[in-house]
Amino acid sequence: MPSVTSPQLHEKASGFFSSSGVKLKEARQSAGTFVGEVTKDAKDNLTDVAERVGLVVKSRWALLQQPSTRRAVQERLICAAASTGTLLRKGVTETKGKVVVGKTKVEEVAKKTAQRSKTLLTDIERWQKGVASTDVFGVPIEVTVQRQQSSRPIPYVLVKCADYLILSGLNSPDLFKSEGDKKVIQHLVSVYNQDSNALLPEGVNPVDVAALAKCYLASLPEPLTTSELYNEIRGAHSSIHAMRNILKRLPSVNYTTLEFITALLLRVSQKSLLNKMDARSLAMEIAPVIIWQKGGKPEFYRKYWSQPSKGSSKNMDPPLSYSAWDMLAEEGEAIDASSLIPLDDGMTTDFGADGMTIDFDAIEVVVCLIEHHNAIFTDANETVWR
């Protein structure tokens with residue numbers, strides 16, 4: 001069937017395409033005009049910006065070319081450099097300071113370490129040898145006197161104590177009985193172990209001085225009256241003549257020191273109304289530290305001087321602690337601590353409040369030495385204290 005084209009439809013289509021082409025042409029022209037305007041505006045803007053930047057740069061450059069501005073910039077640069085230098089120097093100084101402080105601290109630590117090492121070596125020496133080369137306490141009396149290199153064969157520590165008591169302490173109550181201040185006595189022991197000729201501190205309590213002298217006598221490795229003459233001395237207290245003859249057999253240092261100590265005790269007893277220490281009271285305190293037999297060494301002094309004695313061993317039984325009232329038993333005597341009945345061996349004994357044996361023979365010996373001092377020590381120096 002042949003197609004039939006309507007004249008009206010053909011006309012409408014032609015009109016549509018004609019109008020569309022016109023619109024497209026107008027749109028293209030409009031777009032071109034817009035793009036051209038935008039491009040022109042962009043060029044104008046860029047030109048304007050470039051001109052402004054150029055003006056700013058030119059003005060700044062002109063400003064920099066001015067002498068005043070150049071100097072200001074130079075000054076700022078110099079100030080900045082100076083500040084930087086100052087900070088660097090400060091940092092270096094602080095670093096040096098820290099290094100110096102660190103070095104000082106290291107030196108202090110090294111010094112303390114060296115001192116501690118020295119002390120440790122001294123302690124080791126005392127442990128190995130029993131006593132140090134400068135010690136007074138715990139050293140045989142003849143060794144101490146020999147070190148002094150003095151014509152007076154009496155330990156300096158006893159001389160210092162006696163002089164102090166004679167001058168300012170005879171009226172003090174309970175001399176040689178009171179234990180004194182433990183810390184003070186420990187300090188004095190340390191002082192005399194370092195310097196045997198040291199002076200006693202001014203104002204020290206006479207009670208502490210008397211306790212120091214007693215401590216020294218108790219620290220001797222051998223009793224002042226010697227172990228060999230122990231029985232003979234204890235048995236001679238009833239005879240001045242026998243006592244005098246026995247004591248002359250003592251070593252020279254022991255004899256002179258015993259005479260010196262008992263002379264001091266005599267002076268103390270002469271003030272007994274004030275110090276409450278007569279000859280018997282003094283004898284009860286001094287007898288245990290100067291008259292004792294082997295195995296009966298008084299150990300109460302160790303709370304003031306705790307260095308180990310020569311020949312001490314870890315396997316040995318710990319030493320017994322004795323008080324100032326402790327006395328000595330007969331050699332070979334066995335005492336049952338649970339019994340209050342002493343063995344009947346002919347020895348005059350009793351028991352004190354602490355359960356230890358009191359040797360009345362030793363006490364009587366010291367009483368005799370005090371009360372008959374001048375008769376027993378016929379060569380006694382009556383002008384010991386002027």
# chains A, B, ... in the order shown; residues from 1 in each chain; ligands from 1

call {"tool": "select_by_dssp", "arguments": {"residues": "segment 102-269 of chain A", "states": "alpha helix (DSSP H)", "output": "ChimeraX atom specification"}}
result
/A:102-129,141-148,156-168,182-194,206-219,230-234,240-247,252-269

call {"tool": "residues_around", "arguments": {"residues": "Tyr230 of chain A", "least_positions_apart": "6", "cutoff": "7 Å", "atoms": "only C-alpha atoms", "output": "VMD selection string"}}
result
chain A and resid 291 to 293

call {"tool": "write_last_selection", "arguments": {"atoms": "all heavy atoms", "output": "PDB file, in the first residue's frame"}}
result
ATOM      1  N   ILE A 291      90.082  -9.128 139.334  1.00  0.00           N
ATOM      2  CA  ILE A 291      90.452 -10.428 139.911  1.00  0.00           C
ATOM      3  C   ILE A 291      89.504 -11.478 139.346  1.00  0.00           C
ATOM      4  O   ILE A 291      88.345 -11.573 139.755  1.00  0.00           O
ATOM      5  CB  ILE A 291      90.370 -10.418 141.452  1.00  0.00           C
ATOM      6  CG1 ILE A 291      91.234  -9.294 142.033  1.00  0.00           C
ATOM      7  CG2 ILE A 291      90.799 -11.769 142.019  1.00  0.00           C
ATOM      8  CD1 ILE A 291      91.098  -9.156 143.547  1.00  0.00           C
ATOM      9  N   TRP A 292      89.964 -12.238 138.384  1.00  0.00           N
ATOM     10  CA  TRP A 292      89.157 -13.316 137.829  1.00  0.00           C
ATOM     11  C   TRP A 292      90.069 -14.395 137.274  1.00  0.00           C
ATOM     12  O   TRP A 292      91.218 -14.160 136.947  1.00  0.00           O
ATOM     13  CB  TRP A 292      88.185 -12.811 136.764  1.00  0.00           C
ATOM     14  CG  TRP A 292      88.768 -11.895 135.716  1.00  0.00           C
ATOM     15  CD1 TRP A 292      88.870 -10.545 135.780  1.00  0.00           C
ATOM     16  CD2 TRP A 292      89.318 -12.270 134.446  1.00  0.00           C
ATOM     17  NE1 TRP A 292      89.456 -10.043 134.637  1.00  0.00           N
ATOM     18  CE2 TRP A 292      89.732 -11.078 133.791  1.00  0.00           C
ATOM     19  CE3 TRP A 292      89.492 -13.496 133.776  1.00  0.00           C
ATOM     20  CZ2 TRP A 292      90.306 -11.083 132.525  1.00  0.00           C
ATOM     21  CZ3 TRP A 292      90.068 -13.495 132.511  1.00  0.00           C
ATOM     22  CH2 TRP A 292      90.466 -12.296 131.907  1.00  0.00           C
ATOM     23  N   GLN A 293      89.535 -15.601 137.210  1.00  0.00           N
ATOM     24  CA  GLN A 293      90.315 -16.736 136.739  1.00  0.00           C
ATOM     25  C   GLN A 293      90.003 -17.016 135.277  1.00  0.00           C
ATOM     26  O   GLN A 293      89.076 -16.431 134.700  1.00  0.00           O
ATOM     27  CB  GLN A 293      89.986 -17.967 137.571  1.00  0.00           C
ATOM     28  CG  GLN A 293      88.512 -18.353 137.510  1.00  0.00           C
ATOM     29  CD  GLN A 293      88.194 -19.531 138.409  1.00  0.00           C
ATOM     30  OE1 GLN A 293      89.103 -20.211 138.866  1.00  0.00           O
ATOM     31  NE2 GLN A 293      86.926 -19.774 138.655  1.00  0.00           N
TER      32      GLN A 293
END

call {"tool": "closest_residue", "arguments": {"among": "A:Asp195, A:Glu51, A:Glu371, A:Glu228", "to": "Thr134 of chain A", "atoms": "only C-alpha atoms"}}
result
A:Asp195

call {"tool": "closest_residue", "arguments": {"among": "A:Ala81, A:Val207, A:Ile363, A:Leu247", "to": "Glu259 of chain A", "atoms": "only C-alpha atoms"}}
result
A:Leu247

call {"tool": "atom_distance", "arguments": {"atom1": "atom CA of Asn197 of chain A", "atom2": "atom CA of Thr257 of chain A"}}
result
16.5 Å

call {"tool": "atom_distance", "arguments": {"atom1": "atom CA of Arg280 of chain A", "atom2": "atom CA of Tyr192 of chain A"}}
result
29.7 Å

call {"tool": "closest_residue", "arguments": {"among": "A:Asn193, A:Asp163, A:Ile376, A:Arg267", "to": "Thr144 of chain A", "atoms": "only C-alpha atoms"}}
result
A:Asn193

call {"tool": "closest_residue", "arguments": {"among": "A:Asp361, A:Gly54, A:Ala72, A:Leu88", "to": "Gly235 of chain A", "atoms": "only C-alpha atoms"}}
result
A:Asp361

call {"tool": "residues_around", "arguments": {"residues": "Gln270 of chain A", "least_positions_apart": "2", "cutoff": "12 Å", "atoms": "only C-alpha atoms", "output": "PyMOL selection string"}}
result
chain A and resi 166+170-171+263-268+272-279+282+370-371

call {"tool": "atom_distance", "arguments": {"atom1": "atom CA of His187 of chain A", "atom2": "atom CA of Leu200 of chain A"}}
result
10.8 Å

call {"tool": "residues_around", "arguments": {"residues": "Val366 of chain A", "least_positions_apart": "4", "cutoff": "8 Å", "atoms": "only C-alpha atoms", "output": "CSV table (one decimal) with C-alpha atoms, in the first residue's frame"}}
result
chain,number,residue,atom,x,y,z
A,262,THR,CA,93.4,1.5,144.3
A,283,ALA,CA,85.3,-3.4,146.1
A,286,ILE,CA,85.9,-3.4,141.0
A,287,ALA,CA,86.8,-6.9,142.2
A,362,ALA,CA,88.0,-11.2,145.9
A,370,ILE,CA,91.9,0.3,149.5

call {"tool": "closest_residue", "arguments": {"among": "A:Ala242, A:Val139, A:Leu258, A:Leu188", "to": "Leu220 of chain A", "atoms": "only C-alpha atoms"}}
result
A:Val139

call {"tool": "residues_around", "arguments": {"residues": "Ser178 of chain A", "least_positions_apart": "3", "cutoff": "8 Å", "atoms": "only C-alpha atoms", "output": "list in words"}}
result
Asp174, Leu175, Val207 and Ala211 of chain A

call {"tool": "write_last_selection", "arguments": {"atoms": "N, CA and C atoms", "output": "PDB file, in the first residue's frame"}}
result
ATOM      1  N   ASP A 174      77.365   7.232 143.426  1.00  0.00           N
ATOM      2  CA  ASP A 174      77.412   5.944 142.722  1.00  0.00           C
ATOM      3  C   ASP A 174      78.548   5.837 141.699  1.00  0.00           C
ATOM      4  N   LEU A 175      79.689   6.431 142.020  1.00  0.00           N
ATOM      5  CA  LEU A 175      80.849   6.271 141.136  1.00  0.00           C
ATOM      6  C   LEU A 175      81.262   4.803 141.080  1.00  0.00           C
ATOM      7  N   VAL A 207      80.207  10.129 136.417  1.00  0.00           N
ATOM      8  CA  VAL A 207      79.734   8.744 136.449  1.00  0.00           C
ATOM      9  C   VAL A 207      80.156   8.016 135.171  1.00  0.00           C
ATOM     10  N   ALA A 211      82.743   4.850 134.758  1.00  0.00           N
ATOM     11  CA  ALA A 211      82.319   3.668 134.003  1.00  0.00           C
ATOM     12  C   ALA A 211      83.302   3.361 132.870  1.00  0.00           C
TER      13      ALA A 211
END

call {"tool": "residues_around", "arguments": {"residues": "Ile141 of chain A", "least_positions_apart": "6", "cutoff": "10 Å", "atoms": "only C-alpha atoms", "output": "PyMOL selection string"}}
result
chain A and resi 153-155+216-217+219-224+253-254+257

call {"tool": "write_last_selection", "arguments": {"atoms": "N, CA and C atoms", "output": "mmCIF file, in the first residue's frame"}}
result
data_model
loop_
_atom_site.group_PDB
_atom_site.id
_atom_site.type_symbol
_atom_site.label_atom_id
_atom_site.label_comp_id
_atom_site.auth_asym_id
_atom_site.auth_seq_id
_atom_site.Cartn_x
_atom_site.Cartn_y
_atom_site.Cartn_z
ATOM 1 N N PRO A 153 104.387 4.033 133.556
ATOM 2 C CA PRO A 153 103.821 2.779 133.036
ATOM 3 C C PRO A 153 102.367 2.558 133.427
ATOM 4 N N ILE A 154 101.520 3.510 133.093
ATOM 5 C CA ILE A 154 100.091 3.422 133.391
ATOM 6 C C ILE A 154 99.345 3.839 132.125
ATOM 7 N N PRO A 155 98.348 3.098 131.687
ATOM 8 C CA PRO A 155 97.600 3.483 130.478
ATOM 9 C C PRO A 155 97.047 4.900 130.599
ATOM 10 N N TYR A 216 87.513 -0.175 130.733
ATOM 11 C CA TYR A 216 88.861 -0.477 130.261
ATOM 12 C C TYR A 216 89.455 -1.664 131.020
ATOM 13 N N LEU A 217 89.339 -1.647 132.332
ATOM 14 C CA LEU A 217 89.891 -2.745 133.139
ATOM 15 C C LEU A 217 89.245 -4.073 132.776
ATOM 16 N N SER A 219 88.039 -4.881 129.908
ATOM 17 C CA SER A 219 88.340 -5.279 128.527
ATOM 18 C C SER A 219 89.708 -5.925 128.375
ATOM 19 N N LEU A 220 90.538 -5.871 129.409
ATOM 20 C CA LEU A 220 91.883 -6.453 129.308
ATOM 21 C C LEU A 220 91.798 -7.955 129.063
ATOM 22 N N PRO A 221 92.601 -8.476 128.157
ATOM 23 C CA PRO A 221 92.557 -9.924 127.864
ATOM 24 C C PRO A 221 92.907 -10.773 129.084
ATOM 25 N N GLU A 222 93.774 -10.246 129.961
ATOM 26 C CA GLU A 222 94.148 -10.921 131.201
ATOM 27 C C GLU A 222 93.813 -10.015 132.372
ATOM 28 N N PRO A 223 93.429 -10.593 133.525
ATOM 29 C CA PRO A 223 93.093 -9.741 134.673
ATOM 30 C C PRO A 223 94.297 -8.925 135.123
ATOM 31 N N LEU A 224 94.026 -7.766 135.689
ATOM 32 C CA LEU A 224 95.110 -6.898 136.135
ATOM 33 C C LEU A 224 95.998 -7.587 137.166
ATOM 34 N N VAL A 253 104.137 -3.200 135.025
ATOM 35 C CA VAL A 253 102.991 -2.407 134.546
ATOM 36 C C VAL A 253 101.747 -2.735 135.353
ATOM 37 N N ASN A 254 101.500 -4.013 135.624
ATOM 38 C CA ASN A 254 100.323 -4.410 136.398
ATOM 39 C C ASN A 254 100.394 -3.874 137.818
ATOM 40 N N THR A 257 99.870 -0.024 137.840
ATOM 41 C CA THR A 257 98.481 0.318 137.522
ATOM 42 C C THR A 257 97.552 -0.063 138.662
#
